[in-house]
$ cat query_15.txt   # compact mmCIF, C-alpha atoms
# COMPACT_ATOMS: atom_id res chain seq x y z
CA MET P 1 -84.28 -38.25 19.28
CA LYS P 2 -87.89 -37.76 18.24
CA LYS P 3 -89.02 -36.64 21.67
CA ASP P 4 -86.01 -34.42 22.23
CA LYS P 5 -87.72 -31.03 22.13
CA LEU P 6 -86.57 -27.59 23.08
CA ILE P 7 -89.07 -26.36 25.66
CA ILE P 8 -89.26 -22.65 26.32
CA SER P 9 -91.91 -21.37 28.67
CA LYS P 10 -93.97 -24.56 28.21
CA LYS P 11 -93.87 -24.30 24.42
CA ASN P 12 -92.28 -27.14 22.45
CA PHE P 13 -89.95 -26.60 19.52
CA SER P 14 -88.34 -29.27 17.34
CA SER P 15 -85.51 -27.06 16.12
CA ARG P 16 -82.84 -25.90 18.53
CA LEU P 17 -81.60 -23.23 16.17
CA ILE P 18 -82.97 -19.72 16.58
CA VAL P 19 -82.18 -17.36 13.74
CA GLY P 20 -81.96 -13.59 13.61
CA THR P 21 -83.60 -11.75 10.72
CA GLY P 22 -81.19 -8.82 10.45
CA LYS P 23 -78.40 -8.00 7.99
CA TYR P 24 -79.75 -9.96 5.01
CA LYS P 25 -79.55 -8.45 1.52
CA SER P 26 -83.31 -8.70 1.11
CA MET P 27 -86.43 -9.96 2.82
CA HIS P 28 -86.56 -12.70 0.23
CA GLU P 29 -83.05 -13.89 1.10
CA CYS P 30 -83.89 -13.72 4.81
CA ALA P 31 -87.05 -15.80 4.41
CA LYS P 32 -85.30 -18.44 2.32
CA ALA P 33 -82.38 -18.74 4.74
CA ILE P 34 -84.79 -19.18 7.64
CA LYS P 35 -86.65 -21.89 5.79
CA LEU P 36 -83.42 -23.75 5.06
CA SER P 37 -82.22 -23.40 8.65
CA GLY P 38 -85.34 -25.14 9.91
CA ALA P 39 -85.65 -22.51 12.66
CA GLU P 40 -89.03 -22.22 14.35
CA ILE P 41 -88.15 -19.08 16.27
CA VAL P 42 -86.77 -15.89 14.73
CA THR P 43 -85.71 -12.69 16.44
CA VAL P 44 -87.13 -9.41 15.18
CA ALA P 45 -86.52 -5.76 16.01
CA VAL P 46 -89.08 -3.07 16.80
CA ARG P 47 -88.61 0.07 14.71
CA ARG P 48 -90.55 3.03 13.35
CA VAL P 49 -92.79 2.38 10.35
CA ASN P 50 -91.37 4.12 7.30
CA ILE P 51 -93.91 6.88 6.70
CA THR P 52 -92.28 8.29 3.58
CA ASP P 53 -91.76 5.02 1.68
CA LYS P 54 -94.98 3.08 2.03
CA LYS P 55 -93.95 0.50 -0.53
CA LYS P 56 -91.11 -0.84 1.60
CA PRO P 57 -91.66 -4.59 2.08
CA LEU P 58 -92.87 -5.72 5.49
CA LEU P 59 -91.22 -8.56 7.38
CA MET P 60 -94.59 -10.08 8.22
CA ASP P 61 -95.36 -10.45 4.52
CA TYR P 62 -92.31 -12.69 4.12
CA ILE P 63 -92.20 -14.56 7.42
CA ASP P 64 -95.62 -15.63 8.66
CA PRO P 65 -95.87 -15.07 12.42
CA LYS P 66 -98.53 -17.79 12.55
CA LYS P 67 -96.01 -20.36 11.33
CA ILE P 68 -92.78 -19.04 12.85
CA THR P 69 -92.55 -17.74 16.41
CA TYR P 70 -91.47 -14.11 16.42
CA LEU P 71 -89.15 -13.23 19.26
CA PRO P 72 -89.15 -9.43 19.56
CA ASN P 73 -85.83 -8.05 20.79
CA THR P 74 -84.67 -4.82 22.37
CA ALA P 75 -81.64 -4.34 20.17
CA GLY P 76 -80.37 -0.78 20.32
CA CYS P 77 -81.62 -0.22 23.89
CA PHE P 78 -79.04 1.01 26.36
CA ASN P 79 -81.14 1.21 29.52
CA SER P 80 -84.07 -0.44 31.21
CA LYS P 81 -86.51 2.35 30.32
CA GLU P 82 -85.88 2.00 26.57
CA ALA P 83 -86.05 -1.79 26.74
CA LEU P 84 -89.35 -1.80 28.63
CA ARG P 85 -90.86 0.72 26.22
CA THR P 86 -89.79 -1.38 23.23
CA LEU P 87 -91.17 -4.66 24.55
CA ARG P 88 -94.45 -3.16 25.70
CA LEU P 89 -94.87 -1.88 22.15
CA ALA P 90 -93.94 -5.29 20.75
CA ARG P 91 -96.60 -6.90 22.88
CA GLU P 92 -99.11 -4.38 21.58
CA ILE P 93 -98.43 -5.29 17.95
CA GLY P 94 -100.13 -8.60 18.48
CA GLY P 95 -99.87 -10.10 21.92
CA TRP P 96 -96.21 -11.13 21.91
CA LYS P 97 -95.21 -12.15 25.42
CA LEU P 98 -92.18 -14.28 24.67
CA VAL P 99 -89.42 -11.73 24.19
CA LYS P 100 -85.67 -11.37 23.99
CA LEU P 101 -84.29 -8.82 26.39
CA GLU P 102 -81.01 -7.26 25.33
CA VAL P 103 -79.79 -4.15 27.13
CA LEU P 104 -76.42 -3.04 25.84
CA GLY P 105 -73.82 -1.21 27.84
CA ASP P 106 -71.23 -0.18 25.29
CA LYS P 107 -71.56 0.81 21.66
CA LYS P 108 -68.24 -0.69 20.64
CA ASN P 109 -68.10 -4.09 22.30
CA LEU P 110 -71.90 -4.43 22.59
CA PHE P 111 -71.57 -6.20 25.90
CA PRO P 112 -74.75 -6.43 27.93
CA GLU P 113 -75.39 -3.90 30.71
CA MET P 114 -76.20 -6.47 33.36
CA ILE P 115 -77.54 -4.17 36.10
CA GLU P 116 -80.15 -2.73 33.74
CA THR P 117 -80.80 -6.19 32.29
CA LEU P 118 -81.50 -7.61 35.74
CA LYS P 119 -83.82 -4.74 36.61
CA SER P 120 -85.73 -5.10 33.33
CA THR P 121 -86.07 -8.88 33.69
CA GLU P 122 -87.74 -8.46 37.04
CA ILE P 123 -90.21 -5.80 35.85
CA LEU P 124 -91.08 -7.59 32.60
CA THR P 125 -91.67 -10.90 34.39
CA LYS P 126 -94.03 -9.17 36.81
CA GLU P 127 -95.90 -7.74 33.81
CA GLY P 128 -96.45 -11.24 32.43
CA PHE P 129 -93.70 -11.34 29.83
CA LYS P 130 -91.69 -14.50 29.26
CA VAL P 131 -88.19 -13.12 29.11
CA MET P 132 -85.31 -14.78 27.32
CA VAL P 133 -82.28 -12.81 28.43
CA TYR P 134 -79.13 -11.95 26.52
CA CYS P 135 -76.36 -11.81 29.12
CA ASN P 136 -72.66 -12.14 29.65
CA ASP P 137 -71.12 -15.54 30.34
CA ASP P 138 -70.96 -14.99 34.09
CA PRO P 139 -72.47 -17.85 36.14
CA LEU P 140 -73.25 -15.50 39.05
CA MET P 141 -75.22 -13.13 36.86
CA ALA P 142 -76.94 -16.06 35.15
CA LYS P 143 -78.09 -17.24 38.58
CA ARG P 144 -79.40 -13.82 39.48
CA LEU P 145 -81.32 -13.65 36.21
CA GLU P 146 -82.84 -17.01 36.94
CA ASN P 147 -83.92 -15.76 40.37
CA SER P 148 -85.41 -12.66 38.72
CA GLY P 149 -87.74 -14.79 36.62
CA ALA P 150 -85.96 -15.20 33.26
CA CYS P 151 -87.45 -18.02 31.17
CA ALA P 152 -84.19 -18.67 29.28
CA ILE P 153 -80.57 -17.73 29.87
CA MET P 154 -78.79 -16.56 26.72
CA PRO P 155 -75.10 -15.89 27.33
CA LEU P 156 -72.92 -14.55 24.56
CA ALA P 157 -70.26 -16.71 22.99
CA ALA P 158 -68.33 -13.55 22.07
CA PRO P 159 -69.29 -9.96 21.13
CA ILE P 160 -72.34 -9.66 18.85
CA GLY P 161 -71.42 -10.08 15.19
CA SER P 162 -67.77 -10.84 16.00
CA GLY P 163 -67.74 -14.42 14.70
CA LEU P 164 -65.17 -15.40 17.34
CA GLY P 165 -66.98 -18.49 18.59
CA ILE P 166 -67.23 -19.54 22.24
CA ILE P 167 -64.52 -17.69 24.17
CA ASN P 168 -65.17 -19.13 27.61
CA GLU P 169 -66.29 -22.73 27.44
CA ILE P 170 -65.68 -23.25 31.15
CA ASN P 171 -68.19 -20.58 32.15
CA ILE P 172 -70.78 -21.96 29.76
CA LYS P 173 -70.29 -25.41 31.30
CA ILE P 174 -70.69 -23.99 34.81
CA ILE P 175 -73.88 -22.18 33.82
CA ARG P 176 -75.12 -25.42 32.25
CA LYS P 177 -74.52 -27.32 35.45
CA GLN P 178 -76.25 -24.80 37.66
CA THR P 179 -79.45 -24.16 35.72
CA LYS P 180 -82.38 -26.21 34.48
CA LEU P 181 -83.62 -23.27 32.43
CA PRO P 182 -83.10 -23.38 28.66
CA LEU P 183 -79.54 -22.26 28.00
CA ILE P 184 -79.08 -20.72 24.60
CA ILE P 185 -75.86 -19.32 23.21
CA ASP P 186 -76.67 -15.93 21.78
CA ALA P 187 -74.19 -13.92 19.74
CA GLY P 188 -70.63 -14.27 18.56
CA LEU P 189 -70.73 -17.53 16.62
CA GLY P 190 -68.85 -17.53 13.31
CA GLN P 191 -69.24 -20.92 11.71
CA ALA P 192 -71.29 -24.09 11.99
CA SER P 193 -68.75 -25.92 14.16
CA ASP P 194 -69.14 -23.20 16.83
CA ALA P 195 -72.80 -24.18 17.10
CA ALA P 196 -71.89 -27.86 17.37
CA ILE P 197 -69.48 -27.03 20.22
CA ALA P 198 -72.20 -25.05 22.01
CA MET P 199 -74.54 -28.02 21.77
CA GLU P 200 -71.83 -30.43 22.92
CA LEU P 201 -71.30 -28.27 25.99
CA GLY P 202 -74.91 -29.04 26.82
CA CYS P 203 -76.61 -25.88 25.65
CA ASP P 204 -80.26 -26.24 24.69
CA GLY P 205 -79.95 -24.15 21.58
CA VAL P 206 -78.09 -21.42 19.73
CA LEU P 207 -79.13 -18.09 18.31
CA VAL P 208 -77.38 -17.07 15.11
CA ASN P 209 -77.72 -14.07 12.86
CA THR P 210 -74.59 -12.53 11.36
CA ALA P 211 -72.79 -15.85 10.76
CA ILE P 212 -75.58 -16.89 8.38
CA ALA P 213 -76.69 -13.53 6.98
CA LYS P 214 -73.17 -12.35 6.17
CA ALA P 215 -71.71 -15.65 4.96
CA LYS P 216 -70.72 -15.63 1.30
CA LYS P 217 -73.43 -18.22 0.73
CA PRO P 218 -76.11 -17.60 3.35
CA PHE P 219 -78.36 -20.46 2.22
CA GLN P 220 -75.58 -23.01 2.44
CA MET P 221 -74.54 -21.64 5.83
CA ALA P 222 -78.12 -21.81 7.09
CA LEU P 223 -78.13 -25.51 6.23
CA ALA P 224 -74.71 -25.98 7.79
CA PHE P 225 -75.90 -24.47 11.08
CA LYS P 226 -79.01 -26.62 11.02
CA ASN P 227 -76.93 -29.77 10.64
CA ALA P 228 -74.32 -28.64 13.17
CA VAL P 229 -76.94 -28.03 15.85
CA ILE P 230 -78.46 -31.46 15.25
CA ALA P 231 -75.03 -33.13 15.21
CA GLY P 232 -73.90 -31.31 18.35
CA ARG P 233 -77.06 -32.23 20.23
CA GLN P 234 -76.80 -35.89 19.20
CA SER P 235 -73.15 -35.94 20.21
CA TYR P 236 -73.98 -34.41 23.62
CA LEU P 237 -76.75 -36.94 24.26
CA SER P 238 -74.51 -39.84 23.15
CA GLY P 239 -72.01 -39.35 25.98
CA ARG P 240 -68.52 -38.77 24.72
CA ILE P 241 -65.51 -40.94 25.60
CA LYS P 242 -63.03 -39.83 28.23
CA LYS P 243 -59.94 -37.97 27.08
CA THR P 244 -56.67 -39.81 27.77
CA LEU P 245 -53.10 -38.71 27.50
CA TYR P 246 -51.87 -41.82 25.70
CA GLY P 247 -53.05 -43.93 22.78
CA ASN P 248 -55.47 -46.82 23.02
CA PRO P 249 -55.52 -49.04 19.88
CA SER P 250 -58.82 -49.52 18.13
CA SER P 251 -57.91 -52.99 16.82
CA PRO P 252 -57.50 -56.04 19.14
CA LYS P 253 -54.00 -56.55 20.55
CA SER P 254 -54.37 -60.37 20.45
CA GLY P 255 -53.94 -62.58 17.38
CA ILE P 256 -51.38 -60.31 15.77
CA ILE P 257 -49.41 -62.28 13.12
CA MET Y 258 -110.26 28.23 6.55
CA LYS Y 259 -109.82 25.22 8.83
CA LYS Y 260 -107.54 25.62 11.79
CA LYS Y 261 -104.29 23.65 11.56
CA ILE Y 262 -102.19 21.99 14.24
CA LYS Y 263 -98.67 20.65 14.25
CA ILE Y 264 -97.83 17.12 15.34
CA LYS Y 265 -94.80 14.85 15.14
CA LEU Y 266 -95.30 11.50 13.43
CA ASN Y 267 -92.33 9.15 13.82
CA GLY Y 268 -90.10 12.13 14.39
CA LYS Y 269 -91.35 14.06 11.35
CA LEU Y 270 -93.20 17.34 11.73
CA LYS Y 271 -96.65 17.29 10.11
CA THR Y 272 -99.31 19.95 9.78
CA ILE Y 273 -102.80 18.49 10.01
CA ASN Y 274 -106.35 19.72 10.40
CA ASN Y 275 -107.52 20.52 13.88
CA LYS Y 276 -109.98 17.86 15.04
CA SER Y 277 -108.09 15.10 13.17
CA THR Y 278 -108.26 11.79 14.97
CA LEU Y 279 -105.48 9.26 15.32
CA PHE Y 280 -107.51 7.06 13.01
CA ASN Y 281 -107.34 9.76 10.30
CA ILE Y 282 -103.53 9.72 10.51
CA VAL Y 283 -103.38 5.93 10.32
CA GLN Y 284 -105.68 5.93 7.31
CA LYS Y 285 -103.93 8.77 5.52
CA ASN Y 286 -100.55 7.05 5.86
CA LYS Y 287 -101.94 3.64 4.86
CA ILE Y 288 -100.70 2.02 8.07
CA PRO Y 289 -101.56 -1.71 8.29
CA LEU Y 290 -103.11 -1.52 11.75
CA ALA Y 291 -102.81 -5.23 12.53
CA LYS Y 292 -99.04 -5.10 12.09
CA VAL Y 293 -98.16 -2.06 14.18
CA ALA Y 294 -98.25 -0.60 17.67
CA ILE Y 295 -99.00 3.05 18.36
CA GLU Y 296 -97.78 5.42 21.04
CA LEU Y 297 -99.22 8.85 21.70
CA ASN Y 298 -96.96 11.05 23.82
CA GLN Y 299 -95.12 7.94 25.06
CA GLU Y 300 -98.33 6.20 26.14
CA ILE Y 301 -99.41 3.03 24.32
CA VAL Y 302 -102.72 3.48 22.56
CA ASP Y 303 -105.43 0.84 22.29
CA LYS Y 304 -105.70 0.35 18.53
CA LYS Y 305 -109.43 -0.26 18.81
CA LYS Y 306 -110.00 3.19 20.22
CA ILE Y 307 -108.10 5.36 17.76
CA LYS Y 308 -111.28 6.71 16.17
CA ASN Y 309 -112.07 8.44 19.44
CA ILE Y 310 -108.67 10.00 19.96
CA ASN Y 311 -108.53 13.62 18.86
CA LEU Y 312 -105.09 15.02 18.25
CA LYS Y 313 -103.81 18.20 19.85
CA ASN Y 314 -101.07 20.62 18.90
CA ASN Y 315 -97.56 19.22 19.63
CA ASP Y 316 -98.77 15.62 20.00
CA LYS Y 317 -96.05 13.08 19.38
CA ILE Y 318 -97.08 9.87 17.65
CA GLU Y 319 -94.86 6.84 17.23
CA ILE Y 320 -95.96 3.98 15.00
CA VAL Y 321 -93.72 0.92 15.10
CA HIS Y 322 -93.59 -2.52 13.53
CA PHE Y 323 -91.28 -5.50 13.32
CA ILE Y 324 -88.26 -5.44 11.05
CA GLY Y 325 -85.26 -7.72 10.63
CA GLY Y 326 -83.05 -7.93 13.70
CA GLY Y 327 -80.79 -10.28 15.65

$ encode --input "query_15.txt" --output "structure tokens"
Amino acid sequence: MKKDKLIISKKNFSSRLIVGTGKYKSMHECAKAIKLSGAEIVTVAVRRVNITDKKKPLLMDYIDPKKITYLPNTAGCFNSKEALRTLRLAREIGGWKLVKLEVLGDKKNLFPEMIETLKSTEILTKEGFKVMVYCNDDPLMAKRLENSGACAIMPLAAPIGSGLGIINEINIKIIRKQTKLPLIIDAGLGQASDAAIAMELGCDGVLVNTAIAKAKKPFQMALAFKNAVIAGRQSYLSGRIKKTLYGNPSSPKSGII
Amino acid sequence: MKKKIKIKLNGKLKTINNKSTLFNIVQKNKIPLAKVAIELNQEIVDKKKIKNINLKNNDKIEIVHFIGGG
């Protein structure tokens, strides 16, 4: 298991759990949860600096971008223009090229707007960005993203923040079979076992935010997700037994008294 | 009396001295330059050159940084 690394855009990571930094009660809580989760990549949002309250704590003071890979996102963008503007600014902050593209199409269900997502992926890739793409769980769209230059495919398990877990395991399996790109489940997980299932389906990693940040005990949940991702990966690599309709005794049938 | 101009900084209207540079604004607002990106009228600005950028009336400045997000 030692050599089993998550490789994204030629960069190696030991942890397969990516954690979001939103929705925590405080920066302190966020930083501690990330530490416990073992995550080496965290997603971050690009927003206006608070001009009126200069004492507001800065994320970078709590999570060191030299130690943890920041993955700037385009949360809140509803078209390609907004997403491109956001990521170009993110790059300007300090040379971030590995980014998470997320173009939303609907304010209620937060499903990705795939036409705009596809367009943005193509442009960003041409500009030298390494684009990890939040997308729906459609194998055809995943293929098109791959052809557009995405460096990781990140289908949703269920709507962002819903906690429903993986709704369409079949589609995730199909996407797994068709792509060699890192496949990361992004959004919709609710509990640690959801992450284990994602890993057992053959995903390369999971991205979790709300399920940890909004758990009653975020630190404990961060640990639970860490363990679930490791367990799920080990289980996937171990090769599960075939499912059968009838029983098959575990003890020898011979020598029964 | 010095001539004043009006600019928008992160959506907020500000009255500043004519001939102010972008660097003056950054300094005045105690912006940690290494942790932000700056846009002037929707164009990204090279942070190294902000001392040479004079602001005009109705300029729109956006200064962004990273915050928590999923």

$ interface_residues --input "query_15.txt" --of "chain P" --to "chain Y" --cutoff "9 Å" --atoms "all atoms listed in the file" --output "PyMOL selection string"
chain P and resi 19-24+27+30+42-52+54+58-60+72-73+75+85+88-94+187+207-210

$ residues_near_point --input "query_15.txt" --point "(-69.4, -23.0, 6.1)" --cutoff "8 Å" --atoms "all atoms listed in the file" --output "compact mmCIF listing (two decimals) with C-alpha atoms, keeping the file's coordinate frame"
# COMPACT_ATOMS: atom_id res chain seq x y z
CA GLN P 191 -69.24 -20.92 11.71
CA ALA P 192 -71.29 -24.09 11.99
CA ALA P 215 -71.71 -15.65 4.96
CA GLN P 220 -75.58 -23.01 2.44
CA MET P 221 -74.54 -21.64 5.83
CA ALA P 224 -74.71 -25.98 7.79

$ closest_residue --input "query_15.txt" --among "Y:Asn298, Y:Leu270, Y:Leu312, Y:Lys263" --to "Y:Ile282" --atoms "all atoms listed in the file"
Y:Leu312

$ axis_aligned_box --input "query_15.txt" --around "stretch 93-100 of chain P" --padding-each-side "4 Å" --output "lines of an AutoDock Vina configuration file"
center_x = -92.9
center_y = -9.8
center_z = 21.7
size_x = 22.5
size_y = 17.0
size_z = 15.5

$ atom_distance --input "query_15.txt" --atom1 "atom CA of P:Leu36" --atom2 "atom CA of P:Leu71"
18.6 Å

$ atom_distance --input "query_15.txt" --atom1 "atom CA of P:Gly247" --atom2 "atom CA of P:Ile197"
23.7 Å

$ closest_residue --input "query_15.txt" --among "P:Arg233, P:Lys100, P:Lys107, P:Lys32" --to "P:Ile153" --atoms "all atoms listed in the file"
P:Lys100

$ atom_distance --input "query_15.txt" --atom1 "atom CA of P:Ala231" --atom2 "atom CA of P:Pro159"
24.6 Å

$ closest_residue --input "query_15.txt" --among "Y:Lys308, Y:Leu297, Y:Asp316, Y:Gln284" --to "Y:Thr272" --atoms "only C-alpha atoms"
Y:Asp316

$ decode --input "query_15.txt" --residues "stretch 33-66 of chain P" --atoms "N, CA and C atoms" --output "PDB file, in the first residue's frame"
ATOM      1  N   ALA P  33      -9.710  20.190  11.774  1.00  0.00           N
ATOM      2  CA  ALA P  33     -10.397  19.098  11.075  1.00  0.00           C
ATOM      3  C   ALA P  33      -9.559  18.618   9.886  1.00  0.00           C
ATOM      4  N   ILE P  34      -8.949  19.564   9.193  1.00  0.00           N
ATOM      5  CA  ILE P  34      -8.119  19.201   8.039  1.00  0.00           C
ATOM      6  C   ILE P  34      -6.918  18.373   8.488  1.00  0.00           C
ATOM      7  N   LYS P  35      -6.336  18.796   9.574  1.00  0.00           N
ATOM      8  CA  LYS P  35      -5.184  18.063  10.098  1.00  0.00           C
ATOM      9  C   LYS P  35      -5.578  16.615  10.433  1.00  0.00           C
ATOM     10  N   LEU P  36      -6.710  16.476  11.111  1.00  0.00           N
ATOM     11  CA  LEU P  36      -7.161  15.145  11.505  1.00  0.00           C
ATOM     12  C   LEU P  36      -7.536  14.286  10.295  1.00  0.00           C
ATOM     13  N   SER P  37      -8.047  14.921   9.257  1.00  0.00           N
ATOM     14  CA  SER P  37      -8.472  14.175   8.069  1.00  0.00           C
ATOM     15  C   SER P  37      -7.279  13.637   7.282  1.00  0.00           C
ATOM     16  N   GLY P  38      -6.118  14.221   7.516  1.00  0.00           N
ATOM     17  CA  GLY P  38      -4.927  13.801   6.781  1.00  0.00           C
ATOM     18  C   GLY P  38      -4.893  14.318   5.352  1.00  0.00           C
ATOM     19  N   ALA P  39      -5.854  15.163   4.992  1.00  0.00           N
ATOM     20  CA  ALA P  39      -5.931  15.661   3.606  1.00  0.00           C
ATOM     21  C   ALA P  39      -4.691  16.476   3.258  1.00  0.00           C
ATOM     22  N   GLU P  40      -4.257  16.307   2.006  1.00  0.00           N
ATOM     23  CA  GLU P  40      -3.108  17.080   1.515  1.00  0.00           C
ATOM     24  C   GLU P  40      -3.539  18.129   0.501  1.00  0.00           C
ATOM     25  N   ILE P  41      -4.816  18.031   0.102  1.00  0.00           N
ATOM     26  CA  ILE P  41      -5.385  19.023  -0.815  1.00  0.00           C
ATOM     27  C   ILE P  41      -6.651  19.579  -0.168  1.00  0.00           C
ATOM     28  N   VAL P  42      -6.809  20.894  -0.192  1.00  0.00           N
ATOM     29  CA  VAL P  42      -8.051  21.494   0.306  1.00  0.00           C
ATOM     30  C   VAL P  42      -8.605  22.459  -0.750  1.00  0.00           C
ATOM     31  N   THR P  43      -9.919  22.482  -0.867  1.00  0.00           N
ATOM     32  CA  THR P  43     -10.508  23.442  -1.798  1.00  0.00           C
ATOM     33  C   THR P  43     -10.708  24.774  -1.076  1.00  0.00           C
ATOM     34  N   VAL P  44     -10.559  25.839  -1.844  1.00  0.00           N
ATOM     35  CA  VAL P  44     -10.744  27.188  -1.293  1.00  0.00           C
ATOM     36  C   VAL P  44     -11.530  28.028  -2.301  1.00  0.00           C
ATOM     37  N   ALA P  45     -12.212  29.038  -1.796  1.00  0.00           N
ATOM     38  CA  ALA P  45     -12.995  29.912  -2.674  1.00  0.00           C
ATOM     39  C   ALA P  45     -12.278  31.247  -2.839  1.00  0.00           C
ATOM     40  N   VAL P  46     -12.576  31.923  -3.936  1.00  0.00           N
ATOM     41  CA  VAL P  46     -11.989  33.246  -4.204  1.00  0.00           C
ATOM     42  C   VAL P  46     -13.079  34.287  -3.944  1.00  0.00           C
ATOM     43  N   ARG P  47     -12.814  35.174  -2.986  1.00  0.00           N
ATOM     44  CA  ARG P  47     -13.813  36.195  -2.648  1.00  0.00           C
ATOM     45  C   ARG P  47     -13.141  37.532  -2.367  1.00  0.00           C
ATOM     46  N   ARG P  48     -13.956  38.585  -2.357  1.00  0.00           N
ATOM     47  CA  ARG P  48     -13.441  39.918  -2.047  1.00  0.00           C
ATOM     48  C   ARG P  48     -12.800  39.971  -0.667  1.00  0.00           C
ATOM     49  N   VAL P  49     -11.698  40.693  -0.560  1.00  0.00           N
ATOM     50  CA  VAL P  49     -11.087  40.975   0.735  1.00  0.00           C
ATOM     51  C   VAL P  49     -12.053  41.889   1.493  1.00  0.00           C
ATOM     52  N   ASN P  50     -12.215  41.632   2.783  1.00  0.00           N
ATOM     53  CA  ASN P  50     -13.083  42.484   3.588  1.00  0.00           C
ATOM     54  C   ASN P  50     -12.357  43.797   3.911  1.00  0.00           C
ATOM     55  N   ILE P  51     -12.783  44.859   3.251  1.00  0.00           N
ATOM     56  CA  ILE P  51     -12.092  46.143   3.399  1.00  0.00           C
ATOM     57  C   ILE P  51     -12.449  46.807   4.728  1.00  0.00           C
ATOM     58  N   THR P  52     -13.682  46.583   5.190  1.00  0.00           N
ATOM     59  CA  THR P  52     -14.127  47.282   6.397  1.00  0.00           C
ATOM     60  C   THR P  52     -13.618  46.620   7.691  1.00  0.00           C
ATOM     61  N   ASP P  53     -13.511  45.286   7.686  1.00  0.00           N
ATOM     62  CA  ASP P  53     -13.029  44.596   8.884  1.00  0.00           C
ATOM     63  C   ASP P  53     -11.665  43.966   8.590  1.00  0.00           C
ATOM     64  N   LYS P  54     -10.637  44.747   8.871  1.00  0.00           N
ATOM     65  CA  LYS P  54      -9.287  44.284   8.510  1.00  0.00           C
ATOM     66  C   LYS P  54      -8.740  43.239   9.476  1.00  0.00           C
ATOM     67  N   LYS P  55      -9.441  43.066  10.582  1.00  0.00           N
ATOM     68  CA  LYS P  55      -8.944  42.112  11.576  1.00  0.00           C
ATOM     69  C   LYS P  55      -9.467  40.697  11.330  1.00  0.00           C
ATOM     70  N   LYS P  56     -10.325  40.558  10.351  1.00  0.00           N
ATOM     71  CA  LYS P  56     -10.886  39.232  10.052  1.00  0.00           C
ATOM     72  C   LYS P  56      -9.760  38.249   9.740  1.00  0.00           C
ATOM     73  N   PRO P  57      -9.790  37.051  10.373  1.00  0.00           N
ATOM     74  CA  PRO P  57      -8.681  36.118  10.159  1.00  0.00           C
ATOM     75  C   PRO P  57      -8.579  35.649   8.710  1.00  0.00           C
ATOM     76  N   LEU P  58      -7.370  35.430   8.251  1.00  0.00           N
ATOM     77  CA  LEU P  58      -7.149  34.975   6.882  1.00  0.00           C
ATOM     78  C   LEU P  58      -6.903  33.472   6.855  1.00  0.00           C
ATOM     79  N   LEU P  59      -7.485  32.824   5.865  1.00  0.00           N
ATOM     80  CA  LEU P  59      -7.345  31.372   5.717  1.00  0.00           C
ATOM     81  C   LEU P  59      -5.874  30.954   5.672  1.00  0.00           C
ATOM     82  N   MET P  60      -5.089  31.738   4.941  1.00  0.00           N
ATOM     83  CA  MET P  60      -3.675  31.393   4.768  1.00  0.00           C
ATOM     84  C   MET P  60      -2.885  31.434   6.077  1.00  0.00           C
ATOM     85  N   ASP P  61      -3.416  32.148   7.078  1.00  0.00           N
ATOM     86  CA  ASP P  61      -2.740  32.184   8.367  1.00  0.00           C
ATOM     87  C   ASP P  61      -3.007  30.901   9.169  1.00  0.00           C
ATOM     88  N   TYR P  62      -4.041  30.171   8.772  1.00  0.00           N
ATOM     89  CA  TYR P  62      -4.393  28.949   9.493  1.00  0.00           C
ATOM     90  C   TYR P  62      -3.983  27.684   8.743  1.00  0.00           C
ATOM     91  N   ILE P  63      -4.074  27.751   7.411  1.00  0.00           N
ATOM     92  CA  ILE P  63      -3.692  26.593   6.601  1.00  0.00           C
ATOM     93  C   ILE P  63      -2.573  27.043   5.665  1.00  0.00           C
ATOM     94  N   ASP P  64      -1.389  26.500   5.903  1.00  0.00           N
ATOM     95  CA  ASP P  64      -0.200  26.950   5.185  1.00  0.00           C
ATOM     96  C   ASP P  64      -0.192  26.388   3.756  1.00  0.00           C
ATOM     97  N   PRO P  65      -0.294  27.264   2.763  1.00  0.00           N
ATOM     98  CA  PRO P  65      -0.316  26.766   1.380  1.00  0.00           C
ATOM     99  C   PRO P  65       0.999  26.111   0.938  1.00  0.00           C
ATOM    100  N   LYS P  66       2.031  26.260   1.751  1.00  0.00           N
ATOM    101  CA  LYS P  66       3.293  25.569   1.420  1.00  0.00           C
ATOM    102  C   LYS P  66       3.224  24.104   1.849  1.00  0.00           C
TER     103      LYS P  66
END
